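**Q** Please find input-v9.tsv (TSV, C-alpha atoms and all ligand atoms) on the next line:
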chain	number	residue	atom	x	y	z
A	1	VAL	CA	14.32	-4.47	-7.59
A	2	ARG	CA	13.77	-7.85	-9.23
A	3	ALA	CA	11.71	-7.75	-12.41
A	4	TRP	CA	10.92	-9.78	-15.52
A	5	GLN	CA	11.59	-8.01	-18.79
A	6	LEU	CA	11.32	-8.60	-22.52
A	7	ALA	CA	14.38	-7.07	-24.13
A	8	GLY	CA	15.90	-8.63	-27.25
A	9	GLY	CA	12.60	-9.52	-28.92
A	10	PHE	CA	9.22	-11.15	-28.32
A	11	GLY	CA	8.59	-14.70	-27.10
A	12	LEU	CA	8.13	-16.33	-23.71
A	13	GLU	CA	11.66	-17.77	-23.97
A	14	ARG	CA	12.97	-14.18	-24.08
A	15	LEU	CA	11.26	-13.14	-20.84
A	16	ALA	CA	14.29	-12.64	-18.61
A	17	PRO	CA	14.88	-11.88	-14.92
A	18	VAL	CA	16.61	-8.51	-14.44
A	19	GLU	CA	17.53	-6.11	-11.65
A	20	LEU	CA	16.06	-2.65	-12.23
A	21	PRO	CA	16.82	0.47	-10.20
A	22	GLU	CA	14.21	1.20	-7.55
A	23	HIS	CA	11.91	4.05	-8.59
A	24	THR	CA	11.59	7.14	-6.46
A	25	PRO	CA	8.13	8.67	-6.72
A	26	ALA	CA	8.06	11.58	-9.19
A	27	ALA	CA	5.56	14.43	-8.78
A	28	GLY	CA	2.08	13.01	-8.14
A	29	GLU	CA	3.35	9.44	-7.75
A	30	ALA	CA	3.35	6.74	-5.08
A	31	LEU	CA	5.86	3.92	-4.76
A	32	VAL	CA	4.11	0.56	-4.35
A	33	ARG	CA	5.87	-2.60	-3.15
A	34	LEU	CA	3.98	-5.31	-5.05
A	35	SER	CA	3.11	-8.50	-3.17
A	36	ALA	CA	1.03	-10.30	-5.83
A	37	ILE	CA	0.49	-10.08	-9.57
A	38	SER	CA	-2.07	-11.77	-11.79
A	39	LEU	CA	-1.91	-12.71	-15.45
A	40	ASN	CA	-4.37	-11.89	-18.20
A	41	TYR	CA	-4.58	-13.44	-21.62
A	42	ARG	CA	-3.46	-10.07	-22.99
A	43	ASP	CA	-0.13	-10.42	-21.15
A	44	LEU	CA	0.52	-13.69	-22.96
A	45	LEU	CA	-0.28	-12.08	-26.33
A	46	MET	CA	1.93	-9.12	-25.44
A	47	VAL	CA	4.89	-11.36	-24.55
A	48	ARG	CA	4.45	-13.31	-27.78
A	49	GLY	CA	4.37	-10.05	-29.80
A	50	ALA	CA	0.85	-10.82	-31.00
A	51	TYR	CA	-0.96	-8.02	-29.13
A	52	ASP	CA	0.99	-5.14	-30.64
A	53	PRO	CA	3.94	-6.12	-32.82
A	54	ARG	CA	5.06	-2.43	-32.74
A	55	GLN	CA	5.28	-2.40	-28.94
A	56	LYS	CA	8.63	-0.85	-27.97
A	57	LEU	CA	11.08	-2.99	-26.00
A	58	PRO	CA	12.34	-3.38	-23.35
A	59	LEU	CA	9.01	-3.94	-21.61
A	60	VAL	CA	8.06	-5.13	-18.15
A	61	PRO	CA	4.81	-7.01	-18.87
A	62	CYS	CA	1.55	-7.39	-16.87
A	63	SER	CA	-1.03	-4.88	-15.72
A	64	ASP	CA	-2.49	-6.45	-12.58
A	65	GLY	CA	-1.09	-6.43	-9.09
A	66	VAL	CA	-1.52	-5.38	-5.52
A	67	GLY	CA	0.88	-3.94	-3.01
A	68	GLU	CA	1.58	-1.59	-0.17
A	69	VAL	CA	2.30	2.08	-0.66
A	70	VAL	CA	5.77	2.66	0.83
A	71	ALA	CA	6.45	6.27	-0.20
A	72	VAL	CA	4.59	9.16	-1.82
A	73	ALA	CA	5.62	12.41	-3.46
A	74	PRO	CA	5.10	15.38	-1.07
A	75	GLU	CA	1.83	16.70	-2.53
A	76	VAL	CA	0.08	13.31	-2.78
A	77	THR	CA	-3.04	12.91	-0.61
A	78	ARG	CA	-5.02	10.24	-2.48
A	79	VAL	CA	-3.00	7.41	-0.90
A	80	ALA	CA	-0.60	7.21	2.04
A	81	PRO	CA	2.17	4.85	3.14
A	82	GLY	CA	0.62	1.65	4.51
A	83	ASP	CA	-2.37	1.67	2.14
A	84	ARG	CA	-2.96	-1.52	0.17
A	85	VAL	CA	-3.68	-0.61	-3.46
A	86	CYS	CA	-4.19	-1.95	-6.96
A	87	PRO	CA	-3.16	-0.03	-10.08
A	88	ILE	CA	-5.94	0.65	-12.59
A	89	PHE	CA	-5.45	-0.84	-16.06
A	90	ALA	CA	-5.58	2.42	-18.06
A	91	GLN	CA	-3.71	4.79	-15.77
A	92	ARG	CA	-5.27	7.97	-17.16
A	93	TRP	CA	-8.87	6.72	-17.59
A	94	LEU	CA	-10.48	7.85	-14.37
A	95	CYS	CA	-14.10	8.30	-15.52
A	96	GLY	CA	-16.26	9.16	-18.52
A	97	GLU	CA	-15.82	8.11	-22.12
A	98	PRO	CA	-12.55	6.57	-23.28
A	99	THR	CA	-10.26	8.57	-25.58
A	100	ARG	CA	-7.14	7.57	-27.50
A	101	GLU	CA	-5.08	9.54	-24.99
A	102	LYS	CA	-6.65	7.81	-21.95
A	103	LEU	CA	-6.24	4.37	-23.50
A	104	ARG	CA	-2.59	4.93	-24.34
A	105	SER	CA	-1.86	4.70	-20.63
A	106	THR	CA	-2.36	0.97	-20.15
A	107	LEU	CA	0.13	-0.96	-18.04
A	108	GLY	CA	2.06	-3.92	-19.43
A	109	GLY	CA	2.16	-2.21	-22.86
A	110	PRO	CA	2.57	0.46	-24.00
A	111	LEU	CA	3.66	1.44	-20.45
A	112	ASP	CA	5.92	-0.74	-18.33
A	113	GLY	CA	3.85	-3.05	-16.14
A	114	THR	CA	3.67	-4.85	-12.82
A	115	LEU	CA	5.93	-7.88	-13.18
A	116	ARG	CA	8.40	-6.33	-10.77
A	117	GLU	CA	8.81	-6.10	-7.01
A	118	ALA	CA	8.07	-2.38	-6.78
A	119	VAL	CA	6.69	0.29	-9.08
A	120	SER	CA	6.06	4.01	-8.86
A	121	LEU	CA	2.76	5.11	-10.41
A	122	PRO	CA	0.59	8.20	-10.40
A	123	ALA	CA	-1.49	8.19	-7.21
A	124	GLU	CA	-4.53	8.96	-9.37
A	125	GLY	CA	-4.03	5.57	-11.03
A	126	LEU	CA	-4.33	3.60	-7.76
A	127	VAL	CA	-7.36	2.33	-5.84
A	128	LYS	CA	-7.48	1.10	-2.25
A	129	VAL	CA	-8.66	-2.49	-1.86
A	130	PRO	CA	-10.90	-3.97	0.87
A	131	ASP	CA	-9.25	-5.76	3.80
A	132	TYR	CA	-11.23	-8.99	3.45
A	133	LEU	CA	-9.41	-9.91	0.23
A	134	SER	CA	-6.04	-11.69	0.33
A	135	ASP	CA	-3.22	-10.11	-1.67
A	136	VAL	CA	-3.53	-12.73	-4.40
A	137	GLU	CA	-7.31	-12.25	-4.59
A	138	ALA	CA	-6.97	-8.47	-4.83
A	139	ALA	CA	-4.34	-8.84	-7.56
A	140	THR	CA	-6.85	-10.64	-9.80
A	141	LEU	CA	-9.21	-7.68	-10.06
A	142	PRO	CA	-7.96	-4.72	-12.14
A	143	CYS	CA	-8.36	-6.12	-15.64
A	144	ALA	CA	-10.60	-9.22	-15.62
A	145	ALA	CA	-13.08	-8.27	-12.89
A	146	VAL	CA	-13.50	-4.69	-14.09
A	147	THR	CA	-14.04	-5.97	-17.64
A	148	ALA	CA	-16.75	-8.38	-16.49
A	149	TRP	CA	-18.38	-5.62	-14.40
A	150	SER	CA	-18.36	-3.21	-17.37
A	151	ALA	CA	-20.01	-5.81	-19.62
A	152	LEU	CA	-22.77	-6.48	-17.06
A	153	LYS	CA	-23.31	-2.77	-16.43
A	154	ALA	CA	-23.46	-2.00	-20.18
A	155	ALA	CA	-26.50	-4.28	-20.38
A	156	ALA	CA	-27.94	-3.14	-17.02
A	157	VAL	CA	-28.13	-6.79	-15.90
A	158	GLY	CA	-30.40	-7.53	-12.97
A	159	ALA	CA	-32.83	-10.05	-11.49
A	160	GLY	CA	-34.85	-11.87	-14.15
A	161	ASP	CA	-32.07	-11.63	-16.75
A	162	THR	CA	-30.05	-14.51	-18.16
A	163	VAL	CA	-26.35	-14.05	-18.94
A	164	LEU	CA	-24.31	-16.34	-21.18
A	165	VAL	CA	-20.65	-16.65	-20.24
A	166	LEU	CA	-18.16	-18.26	-22.64
A	167	GLY	CA	-15.50	-20.49	-21.11
A	168	THR	CA	-14.13	-20.52	-17.60
A	169	GLY	CA	-11.18	-18.13	-17.80
A	170	GLY	CA	-10.55	-15.04	-15.72
A	171	VAL	CA	-13.10	-12.69	-17.29
A	172	ALA	CA	-15.70	-15.45	-17.66
A	173	LEU	CA	-15.71	-16.53	-14.01
A	174	PHE	CA	-15.92	-12.94	-12.78
A	175	ALA	CA	-18.84	-12.44	-15.17
A	176	LEU	CA	-20.48	-15.55	-13.70
A	177	GLN	CA	-19.99	-14.52	-10.07
A	178	LEU	CA	-20.95	-10.87	-10.62
A	179	ALA	CA	-24.02	-11.74	-12.69
A	180	ARG	CA	-25.19	-13.96	-9.82
A	181	LEU	CA	-24.49	-11.15	-7.38
A	182	LEU	CA	-26.72	-8.86	-9.49
A	183	GLY	CA	-29.48	-11.47	-9.35
A	184	ALA	CA	-29.22	-12.90	-12.87
A	185	ARG	CA	-29.29	-16.52	-14.05
A	186	VAL	CA	-26.10	-17.74	-15.75
A	187	ILE	CA	-25.42	-20.23	-18.53
A	188	VAL	CA	-21.76	-21.22	-19.06
A	189	THR	CA	-20.01	-22.94	-21.95
A	190	SER	CA	-16.73	-24.82	-21.52
A	191	SER	CA	-14.53	-27.38	-23.24
A	192	SER	CA	-14.54	-29.46	-20.05
A	193	ASP	CA	-17.33	-31.19	-18.15
A	194	ALA	CA	-15.24	-31.02	-14.97
A	195	LYS	CA	-14.98	-27.23	-15.32
A	196	LEU	CA	-18.73	-27.01	-15.98
A	197	GLU	CA	-19.30	-28.82	-12.70
A	198	LEU	CA	-17.09	-26.29	-10.89
A	199	ALA	CA	-18.99	-23.47	-12.62
A	200	ARG	CA	-22.26	-24.92	-11.28
A	201	GLU	CA	-20.76	-24.84	-7.78
A	202	LEU	CA	-20.13	-21.13	-8.34
A	203	GLY	CA	-23.79	-20.60	-9.15
A	204	ALA	CA	-24.21	-21.31	-12.87
A	205	ALA	CA	-27.66	-22.72	-13.62
A	206	GLU	CA	-26.68	-24.50	-16.83
A	207	GLY	CA	-23.53	-25.70	-18.54
A	208	ILE	CA	-22.91	-26.60	-22.18
A	209	ASN	CA	-19.78	-28.37	-23.45
A	210	TYR	CA	-18.88	-26.42	-26.61
A	211	ARG	CA	-16.62	-29.23	-27.85
A	212	GLN	CA	-19.45	-31.73	-27.77
A	213	LEU	CA	-22.00	-29.21	-29.06
A	214	PRO	CA	-20.27	-26.75	-31.42
A	215	GLU	CA	-23.64	-25.29	-32.52
A	216	TRP	CA	-24.59	-24.28	-29.00
A	217	GLY	CA	-26.44	-21.06	-29.90
A	218	ARG	CA	-29.77	-22.77	-30.48
A	219	GLN	CA	-29.28	-24.92	-27.37
A	220	VAL	CA	-28.84	-21.76	-25.30
A	221	ARG	CA	-32.07	-20.37	-26.74
A	222	ASP	CA	-33.86	-23.61	-25.90
A	223	ARG	CA	-32.67	-23.30	-22.31
A	224	THR	CA	-34.27	-19.86	-22.06
A	225	ALA	CA	-37.65	-21.13	-23.24
A	226	GLY	CA	-36.89	-19.86	-26.75
A	227	ARG	CA	-36.33	-16.26	-25.68
A	228	GLY	CA	-32.54	-16.02	-25.82
A	229	VAL	CA	-30.18	-14.52	-23.29
A	230	ASP	CA	-30.12	-10.85	-22.32
A	231	LEU	CA	-26.32	-10.61	-22.45
A	232	VAL	CA	-23.47	-12.65	-23.91
A	233	VAL	CA	-20.02	-11.98	-22.47
A	234	GLU	CA	-18.18	-12.71	-25.74
A	235	VAL	CA	-14.54	-13.68	-25.23
A	236	GLY	CA	-14.25	-16.07	-28.18
A	237	GLY	CA	-14.47	-13.79	-31.23
A	238	ALA	CA	-14.47	-15.18	-34.76
A	239	ASP	CA	-15.66	-18.75	-34.14
A	240	THR	CA	-18.08	-18.05	-31.31
A	241	LEU	CA	-19.75	-14.81	-32.42
A	242	PRO	CA	-22.21	-16.48	-34.86
A	243	GLN	CA	-23.32	-18.77	-32.03
A	244	SER	CA	-23.54	-15.86	-29.61
A	245	LEU	CA	-25.80	-14.04	-32.08
A	246	ALA	CA	-28.00	-17.13	-32.22
A	247	ALA	CA	-28.13	-17.23	-28.43
A	248	VAL	CA	-28.95	-13.59	-27.68
A	249	ARG	CA	-32.55	-12.39	-27.43
A	250	PHE	CA	-34.22	-9.74	-29.61
A	251	GLY	CA	-32.95	-6.41	-28.27
A	252	GLY	CA	-30.23	-8.15	-26.21
A	253	THR	CA	-26.55	-7.27	-25.91
A	254	VAL	CA	-23.41	-9.05	-27.04
A	255	ALA	CA	-20.47	-7.56	-25.13
A	256	LEU	CA	-17.41	-7.97	-27.37
A	257	VAL	CA	-14.57	-8.58	-24.98
A	258	GLY	CA	-12.07	-10.96	-26.54
A	259	VAL	CA	-10.94	-12.76	-29.65
A	260	LEU	CA	-9.57	-16.04	-28.31
A	261	THR	CA	-10.50	-17.89	-31.52
A	262	GLY	CA	-9.63	-15.13	-34.03
A	263	SER	CA	-10.34	-11.52	-34.83
A	264	GLN	CA	-11.93	-11.59	-38.33
A	265	ALA	CA	-15.52	-12.82	-38.40
A	266	PRO	CA	-17.86	-13.04	-41.40
A	267	LEU	CA	-21.16	-12.14	-39.79
A	268	SER	CA	-24.78	-12.33	-40.77
A	269	LEU	CA	-25.49	-8.63	-40.31
A	270	PRO	CA	-29.28	-8.95	-40.64
A	271	SER	CA	-29.21	-11.18	-37.56
A	272	VAL	CA	-27.96	-8.07	-35.74
A	273	PHE	CA	-30.25	-5.32	-37.05
A	274	MET	CA	-33.37	-7.36	-37.78
A	275	ARG	CA	-33.35	-8.41	-34.15
A	276	GLN	CA	-32.11	-5.09	-32.83
A	277	VAL	CA	-29.14	-6.69	-31.11
A	278	ARG	CA	-26.57	-4.39	-29.54
A	279	LEU	CA	-22.89	-5.15	-30.14
A	280	GLN	CA	-21.07	-3.42	-27.31
A	281	GLY	CA	-17.27	-3.26	-27.31
A	282	VAL	CA	-15.73	-3.37	-23.83
A	283	LEU	CA	-12.20	-2.33	-22.92
A	284	VAL	CA	-11.83	-3.03	-19.19
A	285	GLY	CA	-13.24	0.18	-17.63
A	286	HIS	CA	-12.33	3.31	-15.74
A	287	ARG	CA	-11.32	3.96	-12.14
A	288	GLU	CA	-14.82	4.94	-11.05
A	289	SER	CA	-16.12	1.63	-12.31
A	290	PHE	CA	-13.37	-0.27	-10.46
A	291	GLU	CA	-14.29	1.55	-7.24
A	292	GLU	CA	-17.98	0.74	-7.70
A	293	LEU	CA	-17.04	-2.90	-8.24
A	294	LEU	CA	-14.93	-2.92	-5.06
A	295	ARG	CA	-17.93	-1.70	-3.05
A	296	ALA	CA	-20.06	-4.47	-4.55
A	297	LEU	CA	-17.40	-7.09	-3.77
A	298	GLN	CA	-16.96	-5.92	-0.20
A	299	GLN	CA	-20.67	-5.78	0.58
A	300	ASN	CA	-21.02	-9.35	-0.64
A	301	GLN	CA	-17.62	-10.63	0.54
A	302	LEU	CA	-17.21	-12.17	-2.90
A	303	ARG	CA	-14.03	-14.19	-3.37
A	304	PRO	CA	-12.26	-14.29	-6.76
A	305	VAL	CA	-11.45	-17.75	-8.14
A	306	VAL	CA	-7.70	-18.32	-8.03
A	307	ASP	CA	-6.41	-21.19	-10.14
A	308	ARG	CA	-2.77	-21.41	-9.08
A	309	VAL	CA	-0.12	-19.17	-7.54
A	310	PHE	CA	3.49	-19.32	-8.79
A	311	PRO	CA	6.53	-17.86	-7.02
A	312	PHE	CA	8.01	-14.70	-8.61
A	313	ALA	CA	11.05	-16.68	-9.80
A	314	GLU	CA	8.72	-18.95	-11.81
A	315	ALA	CA	6.90	-16.27	-13.81
A	316	PRO	CA	7.46	-18.10	-17.15
A	317	GLN	CA	5.77	-21.20	-15.71
A	318	ALA	CA	2.79	-19.05	-14.74
A	319	PHE	CA	2.53	-17.87	-18.36
A	320	GLN	CA	2.75	-21.50	-19.50
A	321	ARG	CA	-0.10	-22.41	-17.18
A	322	LEU	CA	-2.24	-19.69	-18.80
A	323	ALA	CA	-1.19	-20.83	-22.29
A	324	SER	CA	-2.15	-24.44	-21.48
A	325	GLY	CA	-5.83	-23.52	-21.17
A	326	GLU	CA	-6.06	-25.93	-18.24
A	327	HIS	CA	-6.65	-23.18	-15.71
A	328	PHE	CA	-9.96	-22.41	-14.02
A	329	GLY	CA	-10.02	-18.77	-12.94
A	330	LYS	CA	-6.99	-16.59	-12.37
A	331	VAL	CA	-3.31	-17.49	-12.55
A	332	ALA	CA	-1.27	-15.45	-10.09
A	333	ILE	CA	2.32	-14.80	-9.02
A	334	SER	CA	3.34	-14.07	-5.43
A	335	GLY	CA	6.39	-14.34	-3.20
B	1	LIG	N1	-11.63	-6.14	-23.89
B	1	LIG	C1	-11.12	-6.21	-22.67
B	1	LIG	O1	-11.15	-5.26	-21.92
B	1	LIG	C2	-10.55	-7.49	-22.19
B	1	LIG	C3	-10.21	-7.65	-20.85
B	1	LIG	C4	-9.75	-8.89	-20.42
B	1	LIG	C5	-9.63	-9.92	-21.34
B	1	LIG	N2	-9.92	-9.72	-22.64
B	1	LIG	C6	-9.85	-10.79	-23.62
B	1	LIG	O2	-10.82	-11.75	-23.26
B	1	LIG	C7	-10.34	-13.06	-23.57
B	1	LIG	C8	-10.31	-13.89	-22.30
B	1	LIG	O3	-9.33	-13.35	-21.43
B	1	LIG	P1	-9.01	-14.07	-20.04
B	1	LIG	O4	-7.88	-13.32	-19.44
B	1	LIG	O5	-10.25	-14.31	-19.28
B	1	LIG	O6	-8.44	-15.45	-20.60
B	1	LIG	P2	-8.22	-16.83	-19.89
B	1	LIG	O7	-8.33	-16.70	-18.42
B	1	LIG	O8	-6.99	-17.41	-20.47
B	1	LIG	O9	-9.49	-17.67	-20.38
B	1	LIG	C9	-9.45	-18.47	-21.49
B	1	LIG	C10	-10.63	-19.43	-21.44
B	1	LIG	O10	-11.51	-19.13	-22.51
B	1	LIG	C11	-12.17	-20.28	-22.87
B	1	LIG	N3	-12.24	-20.47	-24.32
B	1	LIG	C12	-11.24	-20.66	-25.18
B	1	LIG	N4	-11.75	-20.89	-26.41
B	1	LIG	C13	-13.09	-20.84	-26.28
B	1	LIG	C14	-14.16	-21.05	-27.16
B	1	LIG	N5	-13.98	-21.37	-28.45
B	1	LIG	N6	-15.42	-20.94	-26.68
B	1	LIG	C15	-15.63	-20.63	-25.39
B	1	LIG	N7	-14.65	-20.46	-24.51
B	1	LIG	C16	-13.39	-20.56	-24.96
B	1	LIG	C17	-11.49	-21.46	-22.24
B	1	LIG	O11	-12.40	-21.97	-21.25
B	1	LIG	P3	-12.62	-23.53	-21.00
B	1	LIG	O12	-11.27	-24.01	-20.53
B	1	LIG	O13	-13.68	-23.61	-19.98
B	1	LIG	O14	-13.02	-24.16	-22.31
B	1	LIG	C18	-10.24	-20.85	-21.64
B	1	LIG	O15	-9.87	-21.45	-20.44
B	1	LIG	C19	-8.98	-12.83	-24.25
B	1	LIG	O16	-9.16	-12.74	-25.65
B	1	LIG	C20	-8.53	-11.51	-23.69
B	1	LIG	O17	-7.60	-10.86	-24.52
B	1	LIG	C21	-10.38	-8.51	-23.07
Turn the structure described in the file into structure tokens.
**A**
Amino acid sequence: VRAWQLAGGFGLERLAPVELPEHTPAAGEALVRLSAISLNYRDLLMVRGAYDPRQKLPLVPCSDGVGEVVAVAPEVTRVAPGDRVCPIFAQRWLCGEPTREKLRSTLGGPLDGTLREAVSLPAEGLVKVPDYLSDVEAATLPCAAVTAWSALKAAAVGAGDTVLVLGTGGVALFALQLARLLGARVIVTSSSDAKLELARELGAAEGINYRQLPEWGRQVRDRTAGRGVDLVVEVGGADTLPQSLAAVRFGGTVALVGVLTGSQAPLSLPSVFMRQVRLQGVLVGHRESFEELLRALQQNQLRPVVDRVFPFAEAPQAFQRLASGEHFGKVAISG
């Protein structure tokens, strides 16, 4: 099967097309012919060697995808040939609390990932996806959408709440759409007025350009009548966290999801405990959570936002699109 692999070292220029032997499903596994793949920021960091410099090579990157089950090991009943499925991000995290062991099973590092035409995976690590979604739409879900869902669920977001979403990347737009679906009001920040306009079309009530207004925390509070937001979906890290703490309400939650601007932040700790703010780390989520999300998506026929789709042969260009920061929503690969 055709695949993209990092072999001689890290760097996008080292991502090379290779032919790998087709898997046959081992005990408990299903062979999935992948029809679409989506990229996450993590995949870019992984390829650059910045996510885990000790990651063993060769590595097939990427964790997201969708495809048809074409063969199963004899005892497998969870899925059958013909089913359309997505792999879950952490293959052994099915429910409950995370453990080191469960989280060592993530695709696209440390395990080989989805940037290949076919892959054999444990049937327990697959979920069936609703028919109404296109292949590309379904491929956007396993990492970014589950992460956004976990953040919203951690704060029990519902009608009457306000959610602050940072930027307009994959996780952020799912957080926007899903917060609206749960009945909450959404404020979005972005570097681009044009993207803020698109975010309003998706249901955001307010937009703030963080380039024009770097101290946006107070502005967010003003736009909630001084109360602050119930939840911040924090993808920025070092540079944005002080502003997020200024924006969140007393007793509110900051879901720590990403570190786009850096991973070391000098924080005003009293602003956390004196206001009883909850800092909640989020690492995607488990299979049960993904399945709950799929029910919510299907009931509401919610469509993921796809930025651009690149052919399989142009995978490096897809990574470049993600690296450019020009995208709005998910970058995908198909065909
Ligand atoms: N913990 C987890 O489970 C988990 C899961 C998924 C992702 N992540 C992390 O979450 C982050 C986002 O991932 P992604 O895949 O959604 O990335 P992405 O699609 O590449 O989104 C990046 C977007 O973030 C926005 N951004 C960049 N700097 C910003 C800043 N200073 N303030 C506000 N927004 C900023 C930009 O939006 P504008 O163009 O609108 O300015 C940019 O387009 C990454 O750090 C990733 O590693 C973590």
**Q** Taking all atoms listed in the file into account, which residues are within 8 Å of ligand LIG 1 (chain B), as a ChimeraX atom specification?
**A** /A:39-42,45,143-144,147-148,166-173,189-192,195-196,210,234-237,239-240,256-261,281-285,322-323,325-331
**Q** If we draw a sphere of 10 Å around (1.7, -8.4, 0.9), which residues have at least one atom in it when counting all atoms listed in the file? Please report them as an mmCIF file with C-alpha atoms, in the coordinates of the input.
**A**
data_model
loop_
_atom_site.group_PDB
_atom_site.id
_atom_site.type_symbol
_atom_site.label_atom_id
_atom_site.label_comp_id
_atom_site.auth_asym_id
_atom_site.auth_seq_id
_atom_site.Cartn_x
_atom_site.Cartn_y
_atom_site.Cartn_z
ATOM 1 C CA ARG A 33 5.870 -2.600 -3.150
ATOM 2 C CA LEU A 34 3.980 -5.310 -5.050
ATOM 3 C CA SER A 35 3.110 -8.500 -3.170
ATOM 4 C CA ALA A 36 1.030 -10.300 -5.830
ATOM 5 C CA VAL A 66 -1.520 -5.380 -5.520
ATOM 6 C CA GLY A 67 0.880 -3.940 -3.010
ATOM 7 C CA GLU A 68 1.580 -1.590 -0.170
ATOM 8 C CA ARG A 84 -2.960 -1.520 0.170
ATOM 9 C CA SER A 134 -6.040 -11.690 0.330
ATOM 10 C CA ASP A 135 -3.220 -10.110 -1.670
ATOM 11 C CA VAL A 136 -3.530 -12.730 -4.400
ATOM 12 C CA SER A 334 3.340 -14.070 -5.430
ATOM 13 C CA GLY A 335 6.390 -14.340 -3.200
#
**Q** Taking 5 positions as the minimum chain separation for residues in the same chain, which residues sit within 9 Å of Ala255 of chain A when counting all atoms listed in the file? Answer as a compact mmCIF listing (two decimals) with C-alpha atoms, in the coordinates of the input.
**A**
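Now in selection_25.txt:
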# COMPACT_ATOMS: atom_id res chain seq x y z
CA ALA A 151 -20.01 -5.81 -19.62
CA LEU A 152 -22.77 -6.48 -17.06
CA ALA A 154 -23.46 -2.00 -20.18
CA ALA A 155 -26.50 -4.28 -20.38
CA LEU A 231 -26.32 -10.61 -22.45
CA VAL A 232 -23.47 -12.65 -23.91
CA VAL A 233 -20.02 -11.98 -22.47
CA GLU A 234 -18.18 -12.71 -25.74
CA VAL A 235 -14.54 -13.68 -25.23
CA ARG A 278 -26.57 -4.39 -29.54
CA LEU A 279 -22.89 -5.15 -30.14
CA GLN A 280 -21.07 -3.42 -27.31
CA GLY A 281 -17.27 -3.26 -27.31
CA VAL A 282 -15.73 -3.37 -23.83
**Q** Kindly give the distance, in Å, that separates atom CA of Gly160 of chain A and atom CA of Glu291 of chain A, rounded to a single decimal.
**A**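 Straight-line distance from atom CA of Gly160 of chain A to atom CA of Glu291 of chain A works out to 25.5 Å.
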**Q** Determine, counting all atoms listed in the file, which protein, DNA and RNA residues have an atom within 12 Å of an atom of Tyr51 of chain A; residues of the same chain fewer than 2 positions away are not included. Present the result as a PyMOL selection string.
**A** chain A and resi 10-11+41-49+53-55+61+108-110+258-260+263
**Q** Between A:Ala225, A:Ile37, A:Leu126, A:Leu164, single out the one closest to Thr253 of chain A, counting all atoms listed in the file.
**A**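 Using all atoms listed in the file, Thr253 of chain A sits closest to A:Leu164.
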**Q** Gly82 of chain A: which residues within 9 Å, counting only C-alpha atoms, same-chain residues fewer than 6 positions away excluded, as a list of chain:residue names?
**A**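 Using only C-alpha atoms, the neighbours found are A:Glu68, A:Val69, A:Val70, A:Ala71.
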**Q** Kindly give the distance, in Å, that separates atom CA of Leu176 of chain A and atom CA of Arg211 of chain A, rounded to a single decimal.
**A**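 Separating atom CA of Leu176 of chain A from atom CA of Arg211 of chain A is a distance of 20.1 Å.
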**Q** I'd like the interatomic distance between atom CA of Glu206 of chain A and atom CA of Arg218 of chain A, to a tenth of an Å.
**A**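 Atom CA of Arg218 of chain A lies 14.1 Å from atom CA of Glu206 of chain A.
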**Q** Find the residues around Ala159 of chain A up to 9 Å (all atoms listed in the file counted), leave out those fewer than 5 positions away in its own chain, and share them as a list in words.
**A**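 The residues satisfying every condition are Arg180, Leu182, Gly183, Ala184 and Arg185 of chain A.
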**Q** Considering only C-alpha atoms, can you say which of A:Cys86, A:Val60, A:Ala296, A:Ala179 comes closest to Ala139 of chain A?
**A**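 Nearest to Ala139 of chain A: A:Cys86.
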**Q** Quick one: everything within 7 Å of segment 24-27 of chain A, counting all atoms listed in the file, minus sequence neighbours fewer than 2 positions away in the same chain. Send it as number ranges by chain.
**A** A: 22, 29-31, 72-73, 120
**Q** Using only C-alpha atoms, find the one residue out of A:Arg321, A:Arg116, A:His23, A:Arg303 that sits nearest to Asp64 of chain A.
**A**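 Of all the options, A:Arg116 lies closest to Asp64 of chain A.
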**Q** Nearest to Gly96 of chain A: which of A:Glu215, A:Asp307, A:Glu137, A:Glu288 is it, counting all atoms listed in the file?
**A** A:Glu288
**Q** Adding 4 Å on each side of the box along x, y and z that holds all listed atoms of segment 48-59 of chain A, could you give its centre and edge lengths in Å to one decimal, as JSON?
**A**
{"center_x": 5.7, "center_y": -7.1, "center_z": -27.2, "size_x": 21.3, "size_y": 20.5, "size_z": 19.2}
**Q** Go through A:Thr99, A:Ser289, A:Gln243, A:Ser105 and flag the residue nearest Leu267 of chain A, using all atoms listed in the file for the distances.
**A** A:Gln243
**Q** Ranking A:Val229, A:Ala90, A:Val157, A:Ala80 by minimum distance to Val277 of chain A and counting all atoms listed in the file, which one comes first?
**A**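 Answer, going by the shortest atom-to-atom distance: A:Val229.
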